[in-house]
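J.: What follows is a structure written as structure tokens; I'll ask about it next.
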There are 2 protein chains.
Amino acid sequence: MKRRLNLEDIGRRAGVSRSTVSRVVNADPHVRPETKKRVEAVIAETGYRPHAAARSLASNSTGVIGLVISSAVETLFDDPYFGRLILGVSGGTNEGGMTLALFLFGDQADASSIISRVVTPGLVDGVIVTATTRGNPLIDHLQGTDMPFVVVGRPDSARSTFCVDVDNRGGARAAALHLAALGRRRPALIAAPSNTNAGVDRRNGFLEGLAEAGLSVEDRVGEGDWSQGSGREAMALLLAERPDAVFVASDRMAVGALRAIREAGLDCPRDISLVSFDGLVPPDLTMPRLSSVVQPVTEVGKRAVRLLRSVIDGTSTTPEHVVFPTELAVRESCGSTLGPAAT
Amino acid sequence: MKRRLNLEDIGRRAGVSRSTVSRVVNADPHVRPETKKRVEAVIAETGYRPHAAARSLASNSTGVIGLVISSAVETLFDDPYFGRLILGVSGGTNEGGMTLALFLFGDQADASSIISRVVTPGLVDGVIVTATTRGNPLIDHLQGTDMPFVVVGRPDSARSTFCVDVDNRGGARAAALHLAALGRRRPALIAAPSNTNAGVDRRNGFLEGLAEAGLSVEDRVGEGDWSQGSGREAMALLLAERPDAVFVASDRMAVGALRAIREAGLDCPRDISLVSFDGLVPPDLTMPRLSSVVQPVTEVGKRAVRLLRSVIDGTSTTPEHVVFPTELAVRESCGSTLGPAAT
DNA sequence: ACCTCTGCTGGGAGCGCTCCCAAATATATA
DNA sequence: TATATATTTGGGAGCGCTCCCAGCAGAGGT
């Protein structure tokens, strides 16, 4: 069992000191080219790699970013949202040569263990937190520490944190306007949980758009829990109100709603025009293809990493809110090509 | 800006030495109860947390496990497989109080950077590698280092590594037998990529089962790339051969196949009985609900962590292969409740 | 030839912890 | 009470790196 090589060993072999090797490894320009070449040769030949923990300790920076996702974990990946977010964050860390540490809450026991692990000094340089539900305890906790963090989504108390969000409200409003323009007159809403800020914003945006168009949902409102099943149930209930259009606050729930519509012997988009939110489900997954308000999740993740890095290195000091626009992608489920529904 | 507390500081406040505090933190039993109590009081009061990097350096163990997923990243989470795997691995690391580092390959540039990052000493204690395609360069590379690793899936050269796999072959065989028992006589196969071991095993298992039942696929064979679109195309082509049953090597591709069947004006399961592999798509996602061979992905992930931990701590030294059973879940798409198809 | 200035290099100190051995104290045995 | 033994505690050494300052060489100016 041969010992691991360290800077000193490489230095000895190259006839230079520890410090010089360190400079070469860190691309410090103050090294004579020939010296540098020699050291690099030894490094290549020995396969030397600097020890990450030692580096972190000495430099007080780990090169690791934490992503904390608190949610009912079992069904986490049933919704494409988190996968995409992880993809974006991973892309962001990769481009900075950083490492991504993923913290997923399972049950409540994990939660407290993770909360304390996340703030352990010397483990991560900063954290990205998804603010799925209002009153996220982790955010409060982080606020009391000096661990840099950014929130994905809109945090409850807007002013004190860095965050990256999408224009939920604007997107939902656009959906309402589109449905109205299509001539639909009995719009329904399947909202996302009202204990999430995204859910609240989408609901308000939709109602706002409707109001602008002189429409209202009246009693045609249901609420799901993001799951497909909840969308189906909500839709089944709503059917009694004979809506001619529905805005479903997430793709996932929309898939369920679609099922309920079909099970009732109705046709989407002919009988009911549907627009959902997210734009994450591959269009071909459903028949008809979902028209939905697309949010750029991957970009959100990437951007969150960049923002966090600027917080870590002190470039950003005053709370900053980045909001990405959302855009309605018209496909089949809204029935744009059909013209107004026959009453 | 107050300095971060260290063991020495806590010791001073509690009137004991650095070492004693360390013992308390690490639950070493050789501490007098009252001393322990006093130290714990100081820790609680100051909110002290040991520095992870310092710990890693001194103890030569990081408490971090790496999960490396090499795949076309953009579409990674379109397939529920990886999400579930991550969930399982995350559950495994959480239960050991460990941290999960996630390495996703984006493009080829990421690949080499990640490969070298993964083997950096002092970053992770070990790695879990998904062996999506044959001849995975990372596995070869790891074999040349002393970084502990376990492979999820069957590696090419079976004998030299630790791995956790599922019984792809047996599951596919069961699918064939089931289709045959249903009275189907013109079975087709939409295989997974033959440059993956899972793809090869599923194909062989299916053919084997068919042979046992005295059937054969003849020309009714297609191959997809795991994507839904590829399943659809393969099925569309296959339709010309007038199959009365099809085994699709993944749920995802099966969703595409279902679409092709419907687009051709045929009915599944009446005209074509379909069985897929994975059991990961929520049943209600499709109409009809998919009958599929279920693989316990989450358990695989959990088990991989446990196995890796035993490799890390030296408990396991001789390559060990864990294989989970797979099980056919009969739902609607195979048409079991229909009786034999009318020719 | 002398001095200065710049460019490169070496080495001490220290990051906060664990490991281990020895010292100090408490307990058991004769 | 004296001695042996077990329990608890303290502190040195070191993990491998970065940071910083001092030293040393060679180039340039007078």
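Labeling convention for the structure tokens: chains A, B, ... as they appear, residues from 1 per chain, ligands from 1 in order of appearance.
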Would you kindly return, as a ChimeraX atom specification, each protein, DNA or RNA residue with an atom no farther than 10 Å from any atom of stretch 6-16 of chain C, considering only C-alpha atoms (C1' of nucleotides) and excluding same-chain residues fewer than 3 positions away?
T.: /A:16-20,30-32,35,54-60 /B:5-8,50-55,57-58 /D:17-28
J.: Determine, counting only C-alpha atoms (C1' of nucleotides), which protein, DNA and RNA residues have an atom within 8 Å of an atom of stretch 1-7 of chain D; residues of the same chain fewer than 2 positions away are not included. Present the result as a list in words.
T.: His30 of chain B; DA26, DT27, DA28 and DT29 of chain C
J.: When you count only C-alpha atoms, which of these residues is closest to B:Thr130: B:Ile190, B:Phe162, B:Val68, B:Leu215?
T.: B:Val68
J.: Calculate how many Å separate atom CA of B:Glu327 from atom CA of B:Gln295, rounding to one decimal.
T.: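 Calculated distance between atom CA of B:Glu327 and atom CA of B:Gln295 is 6.9 Å.
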J.: Atom CA of A:Gly224 to atom CA of A:Asn195: how many Å, to one decimal?
T.: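 Atom CA of A:Asn195 lies 11.3 Å from atom CA of A:Gly224.
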J.: Given a cut-off of 8 Å, which residues of chain B touch chain A, counting only C-alpha atoms, written out as a PyMOL selection string?
T.: chain B and resi 49-54+56-57+62+73-74+77-78+80+83-84+87+90-91+94-95+97+99-104+106+110+113+120-123+228-229+255-256+282+284-285
J.: Considering only C-alpha atoms (C1' of nucleotides), state which residue in the set A:Glu299, A:Glu320, A:Glu45, A:Asp28 is at the smallest distance from chain C.
T.: A:Asp28
J.: How would you write, as a PyMOL selection string, the set of residues in stretch 86-286 of chain B that DSSP gives as helix (DSSP H, G or I)?
T.: chain B and resi 86-95+108-118+137-143+158-160+168-181+197-212+228-241+251-263+283-285
J.: Restrict the selected residues to C-alpha atoms and save them as a compact mmCIF listing (two decimals), in the first residue's frame.
T.:
# COMPACT_ATOMS: atom_id res chain seq x y z
CA ILE B 86 -31.12 9.04 -7.47
CA LEU B 87 -33.92 8.70 -4.97
CA GLY B 88 -32.67 5.31 -3.89
CA VAL B 89 -29.08 6.41 -3.60
CA SER B 90 -30.14 9.50 -1.72
CA GLY B 91 -32.13 7.37 0.68
CA GLY B 92 -29.09 5.19 1.17
CA THR B 93 -26.74 8.04 1.90
CA ASN B 94 -29.24 9.73 4.19
CA GLU B 95 -29.63 6.62 6.27
CA GLN B 108 -17.94 15.40 -23.80
CA ALA B 109 -16.06 18.29 -22.24
CA ASP B 110 -17.81 17.70 -18.94
CA ALA B 111 -17.02 14.05 -19.22
CA SER B 112 -13.27 14.32 -18.93
CA SER B 113 -13.48 17.02 -16.31
CA ILE B 114 -15.85 14.91 -14.27
CA ILE B 115 -13.84 11.76 -14.69
CA SER B 116 -10.85 13.44 -13.21
CA ARG B 117 -12.86 15.20 -10.55
CA VAL B 118 -14.41 11.97 -9.41
CA PRO B 137 -14.44 4.53 -19.93
CA LEU B 138 -14.99 5.66 -16.40
CA ILE B 139 -15.10 2.11 -15.13
CA ASP B 140 -11.80 1.29 -16.74
CA HIS B 141 -10.36 4.42 -15.31
CA LEU B 142 -11.59 3.70 -11.82
CA GLN B 143 -10.15 0.25 -11.97
CA ALA B 158 -18.31 -9.42 -14.87
CA ARG B 159 -15.69 -10.66 -12.51
CA SER B 160 -13.60 -7.74 -11.40
CA ASN B 168 -33.28 -8.21 -16.83
CA ARG B 169 -33.11 -11.53 -18.52
CA GLY B 170 -35.52 -13.30 -16.22
CA GLY B 171 -38.01 -10.46 -16.37
CA ALA B 172 -38.00 -10.36 -20.14
CA ARG B 173 -38.38 -14.10 -20.26
CA ALA B 174 -41.42 -13.88 -18.00
CA ALA B 175 -42.91 -11.29 -20.33
CA ALA B 176 -42.50 -13.65 -23.28
CA LEU B 177 -44.07 -16.49 -21.41
CA HIS B 178 -46.99 -14.35 -20.38
CA LEU B 179 -47.65 -13.16 -23.90
CA ALA B 180 -47.48 -16.72 -25.14
CA ALA B 181 -49.85 -17.91 -22.44
CA ASN B 197 -25.93 -4.59 -21.22
CA ALA B 198 -29.46 -4.13 -19.98
CA GLY B 199 -30.60 -3.93 -23.59
CA VAL B 200 -28.80 -7.11 -24.49
CA ASP B 201 -30.07 -9.00 -21.48
CA ARG B 202 -33.67 -8.00 -22.04
CA ARG B 203 -33.55 -8.97 -25.67
CA ASN B 204 -31.97 -12.33 -24.96
CA GLY B 205 -34.36 -13.03 -22.13
CA PHE B 206 -37.35 -12.31 -24.31
CA LEU B 207 -36.12 -14.47 -27.16
CA GLU B 208 -35.34 -17.23 -24.73
CA GLY B 209 -38.84 -17.13 -23.27
CA LEU B 210 -40.35 -17.14 -26.71
CA ALA B 211 -38.29 -20.15 -27.71
CA GLU B 212 -39.47 -22.02 -24.65
CA GLN B 228 -40.37 7.68 -26.44
CA GLY B 229 -39.98 8.86 -29.99
CA SER B 230 -37.85 5.90 -30.90
CA GLY B 231 -40.46 3.54 -29.49
CA ARG B 232 -43.09 5.16 -31.60
CA GLU B 233 -41.05 4.91 -34.77
CA ALA B 234 -40.06 1.33 -34.13
CA MET B 235 -43.67 0.37 -33.51
CA ALA B 236 -44.90 2.17 -36.60
CA LEU B 237 -42.45 0.17 -38.68
CA LEU B 238 -43.30 -3.08 -36.96
CA LEU B 239 -46.99 -2.66 -37.65
CA ALA B 240 -46.42 -3.74 -41.23
CA GLU B 241 -45.58 -7.22 -39.93
CA ASP B 251 -41.72 1.99 -20.27
CA ARG B 252 -40.69 5.12 -21.97
CA MET B 253 -40.46 3.51 -25.37
CA ALA B 254 -43.71 1.72 -24.65
CA VAL B 255 -45.49 5.03 -24.30
CA GLY B 256 -44.31 5.85 -27.80
CA ALA B 257 -45.33 2.44 -29.09
CA LEU B 258 -48.78 2.90 -27.64
CA ARG B 259 -49.09 6.12 -29.52
CA ALA B 260 -48.07 4.49 -32.78
CA ILE B 261 -50.61 1.74 -32.25
CA ARG B 262 -53.35 4.23 -31.65
CA GLU B 263 -52.29 6.38 -34.57
CA PRO B 283 -49.86 3.48 -14.30
CA ASP B 284 -52.39 6.21 -14.80
CA LEU B 285 -50.13 8.04 -17.16
J.: Write down as a list in words the residues belonging to stretch 179-307 of chain A that are assigned strand (DSSP E) by DSSP computed on the backbone.
T.: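 Strand (DSSP E) members of stretch 179-307 of chain A, listed: Pro187, Ala188, Leu189, Ile190, Ala191, Val221, Gly222, Glu223, Ala245, Val246, Phe247, Val248, Ser273, Leu274, Val275, Ser276, Phe277, Asp278, Ser291, Ser292, Val293 and Val294 of chain A.
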J.: For the residues in the current selection, export N, CA and C atoms as a PDB file, in the first residue's frame.
T.:
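Listing of out-v4.pdb after writing:
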ATOM      1  N   PRO A 187     -64.614  29.306 -18.193  1.00  0.00           N
ATOM      2  CA  PRO A 187     -63.298  28.809 -17.811  1.00  0.00           C
ATOM      3  C   PRO A 187     -63.285  28.218 -16.398  1.00  0.00           C
ATOM      4  N   ALA A 188     -62.500  27.178 -16.230  1.00  0.00           N
ATOM      5  CA  ALA A 188     -62.318  26.590 -14.903  1.00  0.00           C
ATOM      6  C   ALA A 188     -60.846  26.660 -14.525  1.00  0.00           C
ATOM      7  N   LEU A 189     -60.584  26.439 -13.265  1.00  0.00           N
ATOM      8  CA  LEU A 189     -59.198  26.494 -12.784  1.00  0.00           C
ATOM      9  C   LEU A 189     -58.905  25.299 -11.884  1.00  0.00           C
ATOM     10  N   ILE A 190     -57.830  24.617 -12.199  1.00  0.00           N
ATOM     11  CA  ILE A 190     -57.346  23.619 -11.239  1.00  0.00           C
ATOM     12  C   ILE A 190     -56.040  24.192 -10.725  1.00  0.00           C
ATOM     13  N   ALA A 191     -56.108  24.679  -9.514  1.00  0.00           N
ATOM     14  CA  ALA A 191     -54.970  25.400  -8.959  1.00  0.00           C
ATOM     15  C   ALA A 191     -53.971  24.457  -8.306  1.00  0.00           C
ATOM     16  N   VAL A 221     -63.625  26.109  -9.642  1.00  0.00           N
ATOM     17  CA  VAL A 221     -62.252  26.111  -9.110  1.00  0.00           C
ATOM     18  C   VAL A 221     -61.975  24.845  -8.324  1.00  0.00           C
ATOM     19  N   GLY A 222     -60.896  24.214  -8.644  1.00  0.00           N
ATOM     20  CA  GLY A 222     -60.467  23.045  -7.888  1.00  0.00           C
ATOM     21  C   GLY A 222     -59.019  23.272  -7.480  1.00  0.00           C
ATOM     22  N   GLU A 223     -58.540  22.426  -6.603  1.00  0.00           N
ATOM     23  CA  GLU A 223     -57.129  22.559  -6.233  1.00  0.00           C
ATOM     24  C   GLU A 223     -56.503  21.181  -6.135  1.00  0.00           C
ATOM     25  N   ALA A 245     -63.465  25.343 -20.745  1.00  0.00           N
ATOM     26  CA  ALA A 245     -62.022  25.551 -20.777  1.00  0.00           C
ATOM     27  C   ALA A 245     -61.477  25.351 -19.367  1.00  0.00           C
ATOM     28  N   VAL A 246     -60.223  24.965 -19.290  1.00  0.00           N
ATOM     29  CA  VAL A 246     -59.639  24.820 -17.972  1.00  0.00           C
ATOM     30  C   VAL A 246     -58.155  25.147 -18.009  1.00  0.00           C
ATOM     31  N   PHE A 247     -57.734  25.836 -16.975  1.00  0.00           N
ATOM     32  CA  PHE A 247     -56.302  26.101 -16.813  1.00  0.00           C
ATOM     33  C   PHE A 247     -55.831  25.238 -15.655  1.00  0.00           C
ATOM     34  N   VAL A 248     -54.883  24.379 -15.942  1.00  0.00           N
ATOM     35  CA  VAL A 248     -54.367  23.488 -14.895  1.00  0.00           C
ATOM     36  C   VAL A 248     -52.967  23.952 -14.541  1.00  0.00           C
ATOM     37  N   SER A 273     -61.257  23.127 -23.607  1.00  0.00           N
ATOM     38  CA  SER A 273     -59.952  23.604 -24.027  1.00  0.00           C
ATOM     39  C   SER A 273     -59.053  23.639 -22.796  1.00  0.00           C
ATOM     40  N   LEU A 274     -57.856  23.083 -22.915  1.00  0.00           N
ATOM     41  CA  LEU A 274     -57.008  22.998 -21.728  1.00  0.00           C
ATOM     42  C   LEU A 274     -55.644  23.642 -21.943  1.00  0.00           C
ATOM     43  N   VAL A 275     -55.252  24.423 -20.978  1.00  0.00           N
ATOM     44  CA  VAL A 275     -53.893  24.974 -20.984  1.00  0.00           C
ATOM     45  C   VAL A 275     -53.282  24.643 -19.634  1.00  0.00           C
ATOM     46  N   SER A 276     -52.046  24.186 -19.666  1.00  0.00           N
ATOM     47  CA  SER A 276     -51.411  23.851 -18.380  1.00  0.00           C
ATOM     48  C   SER A 276     -50.194  24.739 -18.163  1.00  0.00           C
ATOM     49  N   PHE A 277     -49.482  24.453 -17.129  1.00  0.00           N
ATOM     50  CA  PHE A 277     -48.313  25.258 -16.788  1.00  0.00           C
ATOM     51  C   PHE A 277     -47.117  24.339 -16.562  1.00  0.00           C
ATOM     52  N   ASP A 278     -45.987  24.725 -17.101  1.00  0.00           N
ATOM     53  CA  ASP A 278     -44.691  24.057 -16.903  1.00  0.00           C
ATOM     54  C   ASP A 278     -43.972  23.846 -18.219  1.00  0.00           C
ATOM     55  N   SER A 291     -51.024  22.172 -24.523  1.00  0.00           N
ATOM     56  CA  SER A 291     -50.642  23.578 -24.681  1.00  0.00           C
ATOM     57  C   SER A 291     -50.272  24.027 -23.281  1.00  0.00           C
ATOM     58  N   SER A 292     -49.103  24.616 -23.137  1.00  0.00           N
ATOM     59  CA  SER A 292     -48.808  25.040 -21.769  1.00  0.00           C
ATOM     60  C   SER A 292     -47.878  26.217 -21.683  1.00  0.00           C
ATOM     61  N   VAL A 293     -47.908  26.821 -20.529  1.00  0.00           N
ATOM     62  CA  VAL A 293     -47.060  27.964 -20.266  1.00  0.00           C
ATOM     63  C   VAL A 293     -45.696  27.403 -19.875  1.00  0.00           C
ATOM     64  N   VAL A 294     -44.714  27.699 -20.693  1.00  0.00           N
ATOM     65  CA  VAL A 294     -43.397  27.103 -20.497  1.00  0.00           C
ATOM     66  C   VAL A 294     -42.538  27.933 -19.561  1.00  0.00           C
TER      67      VAL A 294
END
J.: Produce a table with one row for each residue of chain D that has an atom at most 10 Å from any atom of chain B, each row naming the nearest atom pair and its distance in Å at one decimal; use only C-alpha atoms (C1' of nucleotides); arrange rows by chain and rising residue number; format as JSON lines.
T.:
{"residue": "D:DT7", "atom": "C1'", "partner": "B:His30", "partner_atom": "CA", "distance": 7.5}
{"residue": "D:DT8", "atom": "C1'", "partner": "B:Val31", "partner_atom": "CA", "distance": 6.3}
{"residue": "D:DT9", "atom": "C1'", "partner": "B:Thr20", "partner_atom": "CA", "distance": 7.0}
{"residue": "D:DG10", "atom": "C1'", "partner": "B:Ser17", "partner_atom": "CA", "distance": 6.3}
{"residue": "D:DG11", "atom": "C1'", "partner": "B:Ser19", "partner_atom": "CA", "distance": 8.4}
{"residue": "D:DG14", "atom": "C1'", "partner": "B:Ala58", "partner_atom": "CA", "distance": 8.3}
{"residue": "D:DC15", "atom": "C1'", "partner": "B:Ala58", "partner_atom": "CA", "distance": 4.9}
{"residue": "D:DG16", "atom": "C1'", "partner": "B:Leu57", "partner_atom": "CA", "distance": 7.8}
{"residue": "D:DC17", "atom": "C1'", "partner": "B:Leu57", "partner_atom": "CA", "distance": 9.9}
J.: Quick one: write out the picked residues with N, CA, C and O atoms (P, O5', C5', C4', C3', O3' and C1' of nucleotides) as a PDB file, in the first residue's frame?
T.:
ATOM      1  P    DT D   7     -12.731   0.118  32.772  1.00  0.00           P
ATOM      2  O5'  DT D   7     -12.644   1.691  32.997  1.00  0.00           O
ATOM      3  C5'  DT D   7     -13.160   2.244  34.201  1.00  0.00           C
ATOM      4  C4'  DT D   7     -12.836   3.707  34.224  1.00  0.00           C
ATOM      5  C3'  DT D   7     -13.344   4.491  33.010  1.00  0.00           C
ATOM      6  O3'  DT D   7     -14.199   5.507  33.507  1.00  0.00           O
ATOM      7  C1'  DT D   7     -11.113   5.066  33.518  1.00  0.00           C
ATOM      8  P    DT D   8     -15.082   6.396  32.510  1.00  0.00           P
ATOM      9  O5'  DT D   8     -14.112   7.629  32.243  1.00  0.00           O
ATOM     10  C5'  DT D   8     -13.851   8.487  33.325  1.00  0.00           C
ATOM     11  C4'  DT D   8     -12.742   9.460  33.019  1.00  0.00           C
ATOM     12  C3'  DT D   8     -12.990  10.400  31.843  1.00  0.00           C
ATOM     13  O3'  DT D   8     -13.186  11.701  32.411  1.00  0.00           O
ATOM     14  C1'  DT D   8     -10.730   9.670  31.948  1.00  0.00           C
ATOM     15  P    DT D   9     -13.397  12.967  31.531  1.00  0.00           P
ATOM     16  O5'  DT D   9     -11.912  13.391  31.204  1.00  0.00           O
ATOM     17  C5'  DT D   9     -11.140  14.056  32.192  1.00  0.00           C
ATOM     18  C4'  DT D   9      -9.759  14.333  31.665  1.00  0.00           C
ATOM     19  C3'  DT D   9      -9.694  15.322  30.511  1.00  0.00           C
ATOM     20  O3'  DT D   9      -9.153  16.540  31.005  1.00  0.00           O
ATOM     21  C1'  DT D   9      -8.202  13.482  30.210  1.00  0.00           C
ATOM     22  P    DG D  10      -8.998  17.795  30.063  1.00  0.00           P
ATOM     23  O5'  DG D  10      -7.490  17.614  29.590  1.00  0.00           O
ATOM     24  C5'  DG D  10      -6.469  17.531  30.564  1.00  0.00           C
ATOM     25  C4'  DG D  10      -5.101  17.489  29.905  1.00  0.00           C
ATOM     26  C3'  DG D  10      -4.885  18.534  28.818  1.00  0.00           C
ATOM     27  O3'  DG D  10      -3.620  19.141  29.049  1.00  0.00           O
ATOM     28  C1'  DG D  10      -4.475  16.364  27.938  1.00  0.00           C
ATOM     29  P    DG D  11      -3.149  20.400  28.199  1.00  0.00           P
ATOM     30  O5'  DG D  11      -2.218  19.727  27.093  1.00  0.00           O
ATOM     31  C5'  DG D  11      -1.051  19.011  27.474  1.00  0.00           C
ATOM     32  C4'  DG D  11      -0.397  18.407  26.258  1.00  0.00           C
ATOM     33  C3'  DG D  11      -0.228  19.373  25.081  1.00  0.00           C
ATOM     34  O3'  DG D  11       0.984  19.019  24.437  1.00  0.00           O
ATOM     35  C1'  DG D  11      -1.422  17.525  24.357  1.00  0.00           C
ATOM     36  P    DG D  14       5.342  14.181  13.307  1.00  0.00           P
ATOM     37  O5'  DG D  14       4.063  14.215  12.371  1.00  0.00           O
ATOM     38  C5'  DG D  14       3.145  13.128  12.433  1.00  0.00           C
ATOM     39  C4'  DG D  14       1.893  13.497  11.694  1.00  0.00           C
ATOM     40  C3'  DG D  14       2.119  14.225  10.357  1.00  0.00           C
ATOM     41  O3'  DG D  14       1.384  13.554   9.376  1.00  0.00           O
ATOM     42  C1'  DG D  14       0.509  15.333  11.624  1.00  0.00           C
ATOM     43  P    DC D  15       1.870  13.634   7.863  1.00  0.00           P
ATOM     44  O5'  DC D  15       0.490  13.568   7.103  1.00  0.00           O
ATOM     45  C5'  DC D  15      -0.545  12.664   7.457  1.00  0.00           C
ATOM     46  C4'  DC D  15      -1.861  13.285   7.082  1.00  0.00           C
ATOM     47  C3'  DC D  15      -1.776  14.170   5.843  1.00  0.00           C
ATOM     48  O3'  DC D  15      -2.081  13.371   4.709  1.00  0.00           O
ATOM     49  C1'  DC D  15      -3.088  15.197   7.607  1.00  0.00           C
ATOM     50  P    DG D  16      -1.046  13.250   3.475  1.00  0.00           P
ATOM     51  O5'  DG D  16      -1.316  14.580   2.642  1.00  0.00           O
ATOM     52  C5'  DG D  16      -2.608  14.818   2.123  1.00  0.00           C
ATOM     53  C4'  DG D  16      -2.730  16.271   1.747  1.00  0.00           C
ATOM     54  C3'  DG D  16      -1.627  16.796   0.820  1.00  0.00           C
ATOM     55  O3'  DG D  16      -2.252  17.481  -0.240  1.00  0.00           O
ATOM     56  C1'  DG D  16      -1.876  18.226   2.658  1.00  0.00           C
ATOM     57  P    DC D  17      -1.491  18.062  -1.454  1.00  0.00           P
ATOM     58  O5'  DC D  17      -1.827  19.607  -1.280  1.00  0.00           O
ATOM     59  C5'  DC D  17      -3.148  20.059  -1.485  1.00  0.00           C
ATOM     60  C4'  DC D  17      -3.449  21.227  -0.580  1.00  0.00           C
ATOM     61  C3'  DC D  17      -2.859  22.553  -1.025  1.00  0.00           C
ATOM     62  O3'  DC D  17      -3.801  23.173  -1.896  1.00  0.00           O
ATOM     63  C1'  DC D  17      -2.737  22.264   1.362  1.00  0.00           C
TER      64       DC D  17
END
J.: Return the single residue from C:DA30, C:DC17, C:DA22, C:DA1 that is closest to chain A, with distances computed using only C-alpha atoms (C1' of nucleotides).
T.: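 Using only C-alpha atoms (C1' of nucleotides), chain A sits closest to C:DC17.
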